[in-house]
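Shown below: protein_5.pdb, with PDB, C-alpha atoms and all ligand atoms.
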ATOM      1  CA  MET A   1    -120.714  37.232  26.322
ATOM      2  CA  GLU A   2    -117.542  39.212  26.007
ATOM      3  CA  VAL A   3    -115.303  38.482  23.024
ATOM      4  CA  THR A   4    -111.717  39.712  22.961
ATOM      5  CA  VAL A   5    -109.835  39.481  19.684
ATOM      6  CA  ALA A   6    -106.053  39.808  19.849
ATOM      7  CA  LYS A   7    -104.796  42.958  18.136
ATOM      8  CA  THR A   8    -101.833  41.014  16.808
ATOM      9  CA  ALA A   9    -103.967  38.200  15.326
ATOM     10  CA  GLY A  10    -103.369  37.435  11.661
ATOM     11  CA  PHE A  11    -100.845  38.185   8.938
ATOM     12  CA  CYS A  12     -97.412  39.346  10.027
ATOM     13  CA  PHE A  13     -95.287  41.639   7.897
ATOM     14  CA  GLY A  14     -93.413  38.814   6.104
ATOM     15  CA  VAL A  15     -96.525  36.814   5.287
ATOM     16  CA  LYS A  16     -98.452  39.844   4.028
ATOM     17  CA  ARG A  17     -95.512  40.840   1.868
ATOM     18  CA  ALA A  18     -95.242  37.318   0.356
ATOM     19  CA  VAL A  19     -98.985  37.002  -0.314
ATOM     20  CA  ASP A  20     -99.088  40.479  -1.905
ATOM     21  CA  MET A  21     -96.116  39.561  -4.096
ATOM     22  CA  VAL A  22     -97.953  36.511  -5.479
ATOM     23  CA  TYR A  23    -101.143  38.445  -6.322
ATOM     24  CA  ASP A  24     -99.026  41.193  -7.829
ATOM     25  CA  GLN A  25     -97.253  38.696 -10.113
ATOM     26  CA  VAL A  26    -100.605  37.173 -11.117
ATOM     27  CA  LYS A  27    -101.761  40.647 -12.176
ATOM     28  CA  LYS A  28     -98.547  41.592 -13.993
ATOM     29  CA  ASN A  29     -97.939  38.303 -15.793
ATOM     30  CA  GLN A  30    -101.301  37.242 -17.170
ATOM     31  CA  ASN A  31     -99.628  35.285 -20.008
ATOM     32  CA  LYS A  32     -97.093  33.490 -17.882
ATOM     33  CA  GLN A  33     -97.406  30.524 -15.574
ATOM     34  CA  ILE A  34     -96.799  31.576 -11.969
ATOM     35  CA  TYR A  35     -95.318  29.026  -9.572
ATOM     36  CA  THR A  36     -94.533  29.169  -5.889
ATOM     37  CA  TYR A  37     -91.763  26.893  -4.638
ATOM     38  CA  GLY A  38     -93.534  25.124  -1.806
ATOM     39  CA  PRO A  39     -96.757  26.631  -0.447
ATOM     40  CA  ILE A  40     -96.109  30.394  -0.219
ATOM     41  CA  ILE A  41     -97.261  30.431   3.424
ATOM     42  CA  HIS A  42     -98.578  27.818   5.825
ATOM     43  CA  ASN A  43    -102.248  28.360   5.147
ATOM     44  CA  ALA A  44    -104.223  25.943   2.990
ATOM     45  CA  GLU A  45    -107.088  28.443   2.429
ATOM     46  CA  VAL A  46    -104.738  31.080   0.981
ATOM     47  CA  VAL A  47    -102.946  28.500  -1.177
ATOM     48  CA  LYS A  48    -106.335  27.239  -2.489
ATOM     49  CA  ASP A  49    -107.334  30.775  -3.463
ATOM     50  CA  MET A  50    -104.057  31.261  -5.335
ATOM     51  CA  GLN A  51    -104.533  27.957  -7.151
ATOM     52  CA  SER A  52    -107.953  29.137  -8.285
ATOM     53  CA  LYS A  53    -106.133  32.048  -9.946
ATOM     54  CA  GLY A  54    -103.830  29.655 -11.795
ATOM     55  CA  VAL A  55    -100.826  29.641  -9.431
ATOM     56  CA  GLN A  56     -99.141  26.236  -9.231
ATOM     57  CA  VAL A  57     -97.081  24.879  -6.351
ATOM     58  CA  ILE A  58     -93.730  23.212  -7.102
ATOM     59  CA  HIS A  59     -93.128  20.456  -4.554
ATOM     60  CA  SER A  60     -89.623  19.206  -5.290
ATOM     61  CA  GLU A  61     -86.297  19.855  -6.990
ATOM     62  CA  GLU A  62     -87.181  17.266  -9.645
ATOM     63  CA  GLU A  63     -90.403  19.090 -10.439
ATOM     64  CA  LEU A  64     -88.464  22.359 -10.699
ATOM     65  CA  ARG A  65     -85.936  20.792 -13.077
ATOM     66  CA  GLY A  66     -88.789  19.779 -15.371
ATOM     67  CA  ILE A  67     -90.020  23.369 -15.759
ATOM     68  CA  SER A  68     -88.448  25.751 -18.234
ATOM     69  CA  ASP A  69     -90.716  28.745 -18.425
ATOM     70  CA  GLY A  70     -92.694  30.968 -16.089
ATOM     71  CA  VAL A  71     -92.169  32.926 -12.884
ATOM     72  CA  VAL A  72     -91.076  31.138  -9.709
ATOM     73  CA  ILE A  73     -91.847  32.825  -6.396
ATOM     74  CA  ILE A  74     -89.806  31.747  -3.396
ATOM     75  CA  ARG A  75     -91.921  31.133  -0.313
ATOM     76  CA  SER A  76     -91.793  33.307   2.818
ATOM     77  CA  HIS A  77     -89.948  30.576   4.774
ATOM     78  CA  GLY A  78     -87.045  30.764   2.339
ATOM     79  CA  LEU A  79     -85.194  28.003   0.500
ATOM     80  CA  PRO A  80     -81.718  26.428   0.563
ATOM     81  CA  ARG A  81     -79.135  28.098  -1.666
ATOM     82  CA  ARG A  82     -78.999  25.126  -4.059
ATOM     83  CA  ILE A  83     -82.590  25.856  -5.190
ATOM     84  CA  HIS A  84     -81.662  29.491  -5.927
ATOM     85  CA  ASP A  85     -78.696  28.101  -7.910
ATOM     86  CA  ILE A  86     -80.957  25.824  -9.981
ATOM     87  CA  LEU A  87     -83.205  28.800 -10.745
ATOM     88  CA  ASP A  88     -80.151  30.837 -11.822
ATOM     89  CA  GLU A  89     -78.850  28.011 -14.012
ATOM     90  CA  LYS A  90     -82.224  27.692 -15.699
ATOM     91  CA  GLY A  91     -82.399  31.455 -16.186
ATOM     92  CA  MET A  92     -85.967  31.493 -14.890
ATOM     93  CA  VAL A  93     -87.626  34.640 -13.558
ATOM     94  CA  CYS A  94     -87.367  34.369  -9.814
ATOM     95  CA  VAL A  95     -89.230  36.558  -7.333
ATOM     96  CA  ASP A  96     -87.848  36.198  -3.828
ATOM     97  CA  ALA A  97     -90.616  36.459  -1.228
ATOM     98  CA  THR A  98     -88.398  35.125   1.584
ATOM     99  CA  CYS A  99     -89.239  37.165   4.670
ATOM    100  CA  PRO A 100     -86.399  39.685   5.197
ATOM    101  CA  PHE A 101     -85.992  38.430   8.788
ATOM    102  CA  VAL A 102     -85.369  34.916   7.489
ATOM    103  CA  LYS A 103     -83.079  36.259   4.768
ATOM    104  CA  LYS A 104     -81.036  37.921   7.502
ATOM    105  CA  ILE A 105     -80.434  34.478   9.071
ATOM    106  CA  HIS A 106     -79.318  33.075   5.688
ATOM    107  CA  ILE A 107     -76.743  35.858   5.417
ATOM    108  CA  ILE A 108     -75.445  35.304   8.973
ATOM    109  CA  VAL A 109     -75.192  31.544   8.452
ATOM    110  CA  GLN A 110     -73.361  31.914   5.164
ATOM    111  CA  LYS A 111     -70.919  34.488   6.578
ATOM    112  CA  GLU A 112     -70.162  32.693   9.835
ATOM    113  CA  SER A 113     -69.784  29.256   8.276
ATOM    114  CA  ASP A 114     -67.431  30.796   5.685
ATOM    115  CA  LYS A 115     -65.339  31.938   8.651
ATOM    116  CA  GLY A 116     -65.214  28.316   9.798
ATOM    117  CA  ARG A 117     -67.820  28.376  12.559
ATOM    118  CA  HIS A 118     -70.061  25.388  13.175
ATOM    119  CA  ILE A 119     -73.665  26.545  12.782
ATOM    120  CA  VAL A 120     -76.207  25.582  15.423
ATOM    121  CA  ILE A 121     -79.855  26.266  14.602
ATOM    122  CA  ILE A 122     -82.249  26.191  17.535
ATOM    123  CA  GLY A 123     -85.451  25.021  15.911
ATOM    124  CA  ASP A 124     -87.455  22.203  14.418
ATOM    125  CA  ASP A 125     -85.417  20.204  11.928
ATOM    126  CA  THR A 126     -88.488  19.234   9.917
ATOM    127  CA  HIS A 127     -89.693  22.826   9.396
ATOM    128  CA  PRO A 128     -89.156  24.314   5.902
ATOM    129  CA  GLU A 129     -87.619  27.484   7.366
ATOM    130  CA  VAL A 130     -84.913  25.413   9.109
ATOM    131  CA  GLU A 131     -84.424  23.358   5.946
ATOM    132  CA  GLY A 132     -83.791  26.625   4.094
ATOM    133  CA  ILE A 133     -81.412  28.026   6.751
ATOM    134  CA  LYS A 134     -79.341  24.813   6.771
ATOM    135  CA  GLY A 135     -78.910  25.185   3.047
ATOM    136  CA  TRP A 136     -76.918  28.439   3.388
ATOM    137  CA  ALA A 137     -74.126  26.956   5.497
ATOM    138  CA  ASN A 138     -70.856  26.078   3.839
ATOM    139  CA  GLY A 139     -69.809  23.710   6.595
ATOM    140  CA  PRO A 140     -71.194  21.695   9.509
ATOM    141  CA  VAL A 141     -74.689  22.465  10.824
ATOM    142  CA  THR A 142     -76.567  21.001  13.784
ATOM    143  CA  VAL A 143     -80.229  21.560  14.577
ATOM    144  CA  ILE A 144     -81.123  21.509  18.272
ATOM    145  CA  GLN A 145     -84.734  21.388  19.364
ATOM    146  CA  SER A 146     -84.722  19.974  22.888
ATOM    147  CA  ALA A 147     -82.664  19.952  26.085
ATOM    148  CA  GLU A 148     -81.715  16.370  25.207
ATOM    149  CA  ASP A 149     -80.286  17.463  21.841
ATOM    150  CA  ALA A 150     -78.360  20.269  23.561
ATOM    151  CA  LYS A 151     -76.911  17.896  26.166
ATOM    152  CA  LYS A 152     -75.865  15.452  23.458
ATOM    153  CA  PHE A 153     -74.035  18.146  21.476
ATOM    154  CA  PRO A 154     -70.308  17.252  21.666
ATOM    155  CA  SER A 155     -68.211  19.299  24.080
ATOM    156  CA  ASN A 156     -64.889  18.555  22.403
ATOM    157  CA  TYR A 157     -65.761  20.354  19.220
ATOM    158  CA  GLU A 158     -62.744  22.323  17.984
ATOM    159  CA  LYS A 159     -64.420  24.967  15.861
ATOM    160  CA  GLY A 160     -66.172  28.057  17.158
ATOM    161  CA  LEU A 161     -69.951  28.026  17.148
ATOM    162  CA  CYS A 162     -72.548  30.384  15.787
ATOM    163  CA  ILE A 163     -76.019  29.854  17.254
ATOM    164  CA  VAL A 164     -79.115  31.217  15.520
ATOM    165  CA  SER A 165     -82.778  30.527  16.049
ATOM    166  CA  GLN A 166     -85.753  29.618  13.893
ATOM    167  CA  THR A 167     -87.803  32.840  13.763
ATOM    168  CA  THR A 168     -90.840  31.272  15.426
ATOM    169  CA  PHE A 169     -89.021  29.553  18.289
ATOM    170  CA  HIS A 170     -90.064  30.199  21.885
ATOM    171  CA  TYR A 171     -87.715  32.720  23.515
ATOM    172  CA  LYS A 172     -87.539  31.085  26.956
ATOM    173  CA  LYS A 173     -86.723  27.708  25.466
ATOM    174  CA  PHE A 174     -84.120  29.292  23.182
ATOM    175  CA  LYS A 175     -82.398  30.821  26.213
ATOM    176  CA  GLU A 176     -82.529  27.544  28.096
ATOM    177  CA  LEU A 177     -80.958  25.582  25.221
ATOM    178  CA  VAL A 178     -78.270  28.232  24.632
ATOM    179  CA  GLU A 179     -77.364  28.004  28.319
ATOM    180  CA  ILE A 180     -76.871  24.233  28.140
ATOM    181  CA  ILE A 181     -74.650  24.563  25.077
ATOM    182  CA  SER A 182     -72.689  27.526  26.489
ATOM    183  CA  LYS A 183     -71.674  25.531  29.558
ATOM    184  CA  LYS A 184     -69.574  23.365  27.261
ATOM    185  CA  ARG A 185     -67.151  26.310  26.826
ATOM    186  CA  TYR A 186     -66.926  27.032  23.147
ATOM    187  CA  ASP A 187     -65.818  30.132  21.311
ATOM    188  CA  ILE A 188     -69.423  31.027  20.698
ATOM    189  CA  ILE A 189     -71.570  33.734  19.089
ATOM    190  CA  VAL A 190     -75.269  33.709  19.920
ATOM    191  CA  LEU A 191     -77.680  35.589  17.675
ATOM    192  CA  ASN A 192     -81.248  35.707  18.832
ATOM    193  CA  THR A 193     -83.039  35.685  15.479
ATOM    194  CA  ILE A 194     -86.529  35.112  16.889
ATOM    195  CA  CYS A 195     -88.943  37.415  15.121
ATOM    196  CA  ASN A 196     -90.696  40.098  17.167
ATOM    197  CA  ALA A 197     -93.990  39.419  15.426
ATOM    198  CA  THR A 198     -93.946  35.961  16.973
ATOM    199  CA  LYS A 199     -93.074  37.208  20.429
ATOM    200  CA  GLU A 200     -95.739  39.935  20.360
ATOM    201  CA  ARG A 201     -98.402  37.381  19.354
ATOM    202  CA  GLN A 202     -97.308  34.988  22.088
ATOM    203  CA  VAL A 203     -97.296  37.668  24.815
ATOM    204  CA  GLU A 204    -100.750  38.930  23.832
ATOM    205  CA  ALA A 205    -102.188  35.402  23.467
ATOM    206  CA  LYS A 206    -100.925  34.497  26.931
ATOM    207  CA  SER A 207    -102.381  37.591  28.531
ATOM    208  CA  ILE A 208    -105.822  37.183  26.864
ATOM    209  CA  SER A 209    -106.020  33.457  27.627
ATOM    210  CA  GLU A 210    -105.309  34.106  31.300
ATOM    211  CA  ASP A 211    -108.431  36.288  31.497
ATOM    212  CA  VAL A 212    -111.037  34.288  29.564
ATOM    213  CA  GLU A 213    -113.016  31.103  30.087
ATOM    214  CA  ALA A 214    -112.536  29.824  26.535
ATOM    215  CA  MET A 215    -109.949  30.592  23.886
ATOM    216  CA  ILE A 216    -110.023  30.036  20.118
ATOM    217  CA  VAL A 217    -106.767  29.820  18.171
ATOM    218  CA  ILE A 218    -107.172  30.038  14.392
ATOM    219  CA  GLY A 219    -104.571  28.806  11.949
ATOM    220  CA  ASP A 220    -103.370  26.077   9.669
ATOM    221  CA  LYS A 221    -102.431  22.791  11.387
ATOM    222  CA  HIS A 222     -98.996  22.999   9.725
ATOM    223  CA  SER A 223     -98.276  26.519  10.948
ATOM    224  CA  SER A 224     -95.587  26.293  13.599
ATOM    225  CA  ASN A 225     -96.357  29.706  15.094
ATOM    226  CA  THR A 226    -100.068  28.815  15.404
ATOM    227  CA  GLN A 227     -99.181  25.540  17.121
ATOM    228  CA  LYS A 228     -97.069  27.480  19.626
ATOM    229  CA  LEU A 229     -99.901  29.979  20.238
ATOM    230  CA  PHE A 230    -102.172  27.026  20.929
ATOM    231  CA  GLU A 231     -99.709  25.515  23.437
ATOM    232  CA  ILE A 232     -99.340  28.850  25.244
ATOM    233  CA  CYS A 233    -103.106  29.445  25.413
ATOM    234  CA  LYS A 234    -103.867  25.865  26.439
ATOM    235  CA  LYS A 235    -101.536  26.222  29.421
ATOM    236  CA  ALA A 236    -103.394  29.291  30.677
ATOM    237  CA  CYS A 237    -106.919  28.287  29.643
ATOM    238  CA  LYS A 238    -107.883  24.632  29.473
ATOM    239  CA  ASP A 239    -110.847  25.327  27.154
ATOM    240  CA  THR A 240    -108.679  26.276  24.205
ATOM    241  CA  TYR A 241    -109.717  25.227  20.682
ATOM    242  CA  TYR A 242    -107.462  25.022  17.619
ATOM    243  CA  ILE A 243    -109.417  25.575  14.397
ATOM    244  CA  GLN A 244    -108.447  26.161  10.764
ATOM    245  CA  THR A 245    -111.703  27.751   9.660
ATOM    246  CA  LEU A 246    -115.151  28.448  11.079
ATOM    247  CA  ASP A 247    -116.255  24.947   9.964
ATOM    248  CA  ASP A 248    -114.037  23.377  12.635
ATOM    249  CA  LEU A 249    -115.660  25.345  15.426
ATOM    250  CA  ASP A 250    -118.343  23.567  17.365
ATOM    251  CA  LEU A 251    -120.139  26.433  19.083
ATOM    252  CA  ASN A 252    -121.791  23.956  21.482
ATOM    253  CA  GLN A 253    -118.347  23.210  22.885
ATOM    254  CA  LEU A 254    -118.142  26.749  24.169
ATOM    255  CA  GLY A 255    -121.148  25.957  26.338
ATOM    256  CA  SER A 256    -122.160  28.650  28.753
ATOM    257  CA  VAL A 257    -118.932  30.607  29.018
ATOM    258  CA  GLU A 258    -119.143  34.372  29.381
ATOM    259  CA  THR A 259    -115.738  35.382  28.120
ATOM    260  CA  VAL A 260    -114.032  34.177  24.937
ATOM    261  CA  GLY A 261    -110.660  35.144  23.523
ATOM    262  CA  ILE A 262    -109.645  34.809  19.883
ATOM    263  CA  THR A 263    -106.179  34.850  18.403
ATOM    264  CA  ALA A 264    -104.697  33.654  15.115
ATOM    265  CA  GLY A 265    -101.337  32.648  13.697
ATOM    266  CA  ALA A 266     -99.222  34.919  11.517
ATOM    267  CA  SER A 267    -100.386  33.161   8.354
ATOM    268  CA  THR A 268    -104.137  33.307   9.023
ATOM    269  CA  PRO A 269    -106.004  35.665   6.682
ATOM    270  CA  ASN A 270    -108.227  38.385   8.121
ATOM    271  CA  ASN A 271    -111.413  37.166   6.463
ATOM    272  CA  ILE A 272    -111.224  33.884   8.410
ATOM    273  CA  ILE A 273    -110.656  35.730  11.703
ATOM    274  CA  GLU A 274    -113.575  38.068  10.930
ATOM    275  CA  GLU A 275    -115.876  35.176  10.089
ATOM    276  CA  VAL A 276    -115.075  33.334  13.326
ATOM    277  CA  GLN A 277    -115.412  36.423  15.476
ATOM    278  CA  SER A 278    -118.760  37.512  14.047
ATOM    279  CA  ASN A 279    -120.166  33.988  14.391
ATOM    280  CA  VAL A 280    -119.097  33.719  17.995
ATOM    281  CA  ARG A 281    -120.680  37.119  18.697
ATOM    282  CA  ILE A 282    -123.952  36.309  16.888
ATOM    283  CA  ASN A 283    -124.390  32.941  18.566
ATOM    284  CA  PHE A 284    -124.002  34.132  22.105
TER
HETATM  285 FE1  LIG B   1     -91.189  37.060   8.887
HETATM  286 FE2  LIG B   1     -91.592  37.119  11.424
HETATM  287 FE3  LIG B   1     -93.567  36.772   9.849
HETATM  288  S1  LIG B   1     -89.939  36.104  10.380
HETATM  289  S2  LIG B   1     -92.728  35.698   8.098
HETATM  290  S3  LIG B   1     -92.338  38.619   9.981
HETATM  291  S4  LIG B   1     -93.293  35.774  11.807
END
What would you get if you wrote out this structure as structure tokens?
Amino acid sequence: MEVTVAKTAGFCFGVKRAVDMVYDQVKKNQNKQIYTYGPIIHNAEVVKDMQSKGVQVIHSEEELRGISDGVVIIRSHGLPRRIHDILDEKGMVCVDATCPFVKKIHIIVQKESDKGRHIVIIGDDTHPEVEGIKGWANGPVTVIQSAEDAKKFPSNYEKGLCIVSQTTFHYKKFKELVEIISKKRYDIIVLNTICNATKERQVEAKSISEDVEAMIVIGDKHSSNTQKLFEICKKACKDTYYIQTLDDLDLNQLGSVETVGITAGASTPNNIIEEVQSNVRINF
């Protein structure tokens, strides 16, 4: 049995930075309540560990309004500007763990919508990162996720457009959607804001899954970048399994394969990857 673990598997720069910031605040502020606005990253295991150290998750604006003391850490996916404004109004200590690559998109969106451009976000409208990006526009915003959405986008729009992407979006699909929109002849700026960490993981996952008989993708079910890794691997290797932790892995499913590949989303902690990889190695 040959096991290949992707070199890019696990925490990306932005996730590591956000997780470190939470543990750092826990250490520095033993007498204060530490909150994260929304789960700090899309990984239930990490969030559970933080909760065991007293960190509480704020789930809504209403909940935030009811809090008057403590430290609020902004999640790696970022938040709409109105939440930052509430934190300012309340004078609460705010630690911004928004990934700098996401922050960059907030700045672009704010600047270009101030200039009067209509903002188009290529991404998933229900994802918290997109929710946050939308909240930095001072004018019209449209989220486009599919070719259908792009075709439906009005062609008689008078304003110029600024197109950005959710950081975890698939590059080929981004290009395809931009092409559909561009044919409608707008004054248009296109900024490819897809994060390299995502692309690197996708390229490596594709290449490993093409060479193995079975592939294991580890990550939280809500992690968009893990879901995309799964889709990519599944296309190349039909025996691809999506697991959150070792408990979800049925080693019997792997049957008599001789080569297994392992990759993990950008919010999957190393200890989970290690555990899965050593179990696969021991059992075969
Ligand atoms: Fe940031 Fe890219 Fe990770 S946007 S959170 S470094 S996937």
(request) Quick one: pull the distance between atom CA of Thr98 of chain A and atom CA of Leu79 of chain A, Å, one decimal. (result) 7.9 Å
At a cut-off of 9 Å, can you tabulate as JSON lines every residue of segment 154-252 of chain A near segment 45-60 of chain A together with its closest atom pair and the distance in Å to one decimal, using only C-alpha atoms and ordering rows by chain then number?
{"residue": "A:Asp220", "atom": "CA", "partner": "A:Glu45", "partner_atom": "CA", "distance": 8.5}
{"residue": "A:Gln244", "atom": "CA", "partner": "A:Glu45", "partner_atom": "CA", "distance": 8.7}
{"residue": "A:Thr245", "atom": "CA", "partner": "A:Glu45", "partner_atom": "CA", "distance": 8.6}
Translate the PyMOL selection byres (((chain A and resi 215) around 8) and not hetatm) into a concrete residue list for this structure, as a compact mmCIF listing (two decimals) with C-alpha atoms, in the frame of the given file.
# COMPACT_ATOMS: atom_id res chain seq x y z
CA SER A 209 -106.02 33.46 27.63
CA VAL A 212 -111.04 34.29 29.56
CA GLU A 213 -113.02 31.10 30.09
CA ALA A 214 -112.54 29.82 26.54
CA ILE A 216 -110.02 30.04 20.12
CA VAL A 217 -106.77 29.82 18.17
CA CYS A 233 -103.11 29.44 25.41
CA CYS A 237 -106.92 28.29 29.64
CA ASP A 239 -110.85 25.33 27.15
CA THR A 240 -108.68 26.28 24.20
CA TYR A 241 -109.72 25.23 20.68
CA VAL A 260 -114.03 34.18 24.94
CA GLY A 261 -110.66 35.14 23.52
CA ILE A 262 -109.64 34.81 19.88
CA THR A 263 -106.18 34.85 18.40
(request) For atom CA of Leu161 of chain A and atom CA of Val178 of chain A, determine how far apart the two atoms are, in Å to one decimal place. (result) 11.2 Å
(message) Translate the PyMOL selection byres (((not hetatm)) within 7 of (chain B and resi 1)) into a concrete residue list for this structure, as an NGL selection string.
(response) :A and (12-15 or 76-77 or 99-102 or 167-168 or 195-198 or 266)
(request) For each of A:Leu87, A:Cys162, A:Val3, A:Val276, take the minimum atom-to-atom distance to Lys111 of chain A, counting all atoms listed in the file, then give the residue where this is smallest. (result)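 Counting all atoms listed in the file, the residue closest to Lys111 of chain A is A:Cys162.
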(request) Run the PyMOL selection byres (((chain A and resi 184) around 10) and not hetatm) mentally over the shown coordinates, then write out the matched residues as a ChimeraX atom specification, using the chain letters and numbers from the document. (result) /A:151,153-157,179-183,185-187
(message) Taking all atoms listed in the file into account, name the residue in A:Met92, A:Ile218, A:Ile163, A:Ile122 that is nearest to Val143 of chain A.
(response)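 Looking only at the distances to Val143 of chain A, the closest residue turns out to be A:Ile122.
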(message) If I take atom CA of Val95 of chain A and atom CA of Ser165 of chain A, how far is one from the other in Å, to one decimal?
(response) 25.0 Å
(request) Skip segment 26-32 of chain A itself and residues of its chain fewer than 3 positions away, then list as a PyMOL selection string all residues within 7 Å of it, counting all atoms listed in the file. (result) chain A and resi 22-23+70
(request) Would you mind telling me which residue in A:Glu112, A:Glu204, A:Asp248, A:Glu131 lies nearest to Val190 of chain A when using only C-alpha atoms? (result)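 Using only C-alpha atoms, the shortest distance to Val190 of chain A belongs to A:Glu112.
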(message) Set the distance at 9 Å and use only C-alpha atoms: which residues neighbour Ala147 of chain A once local chain neighbours fewer than 3 positions away are removed? I'd like the list as a PyMOL selection string.
(response) chain A and resi 144+150-152+173+176-177+180
(request) For a cut-off of 7 Å around (-103.7, 34.7, 7.6), file coordinates, pick out all residues using all atoms listed in the file and list them as a VMD selection string. (result) chain A and resid 10 to 11 43 265 to 270
File dump, residues just selected, C-alpha atoms, as a PDB file, in the frame of the given file:
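Output contents, as saved in again.pdb:
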ATOM      1  CA  GLY A  10    -103.369  37.435  11.661  1.00  0.00           C
ATOM      2  CA  PHE A  11    -100.845  38.185   8.938  1.00  0.00           C
ATOM      3  CA  ASN A  43    -102.248  28.360   5.147  1.00  0.00           C
ATOM      4  CA  GLY A 265    -101.337  32.648  13.697  1.00  0.00           C
ATOM      5  CA  ALA A 266     -99.222  34.919  11.517  1.00  0.00           C
ATOM      6  CA  SER A 267    -100.386  33.161   8.354  1.00  0.00           C
ATOM      7  CA  THR A 268    -104.137  33.307   9.023  1.00  0.00           C
ATOM      8  CA  PRO A 269    -106.004  35.665   6.682  1.00  0.00           C
ATOM      9  CA  ASN A 270    -108.227  38.385   8.121  1.00  0.00           C
TER      10      ASN A 270
END
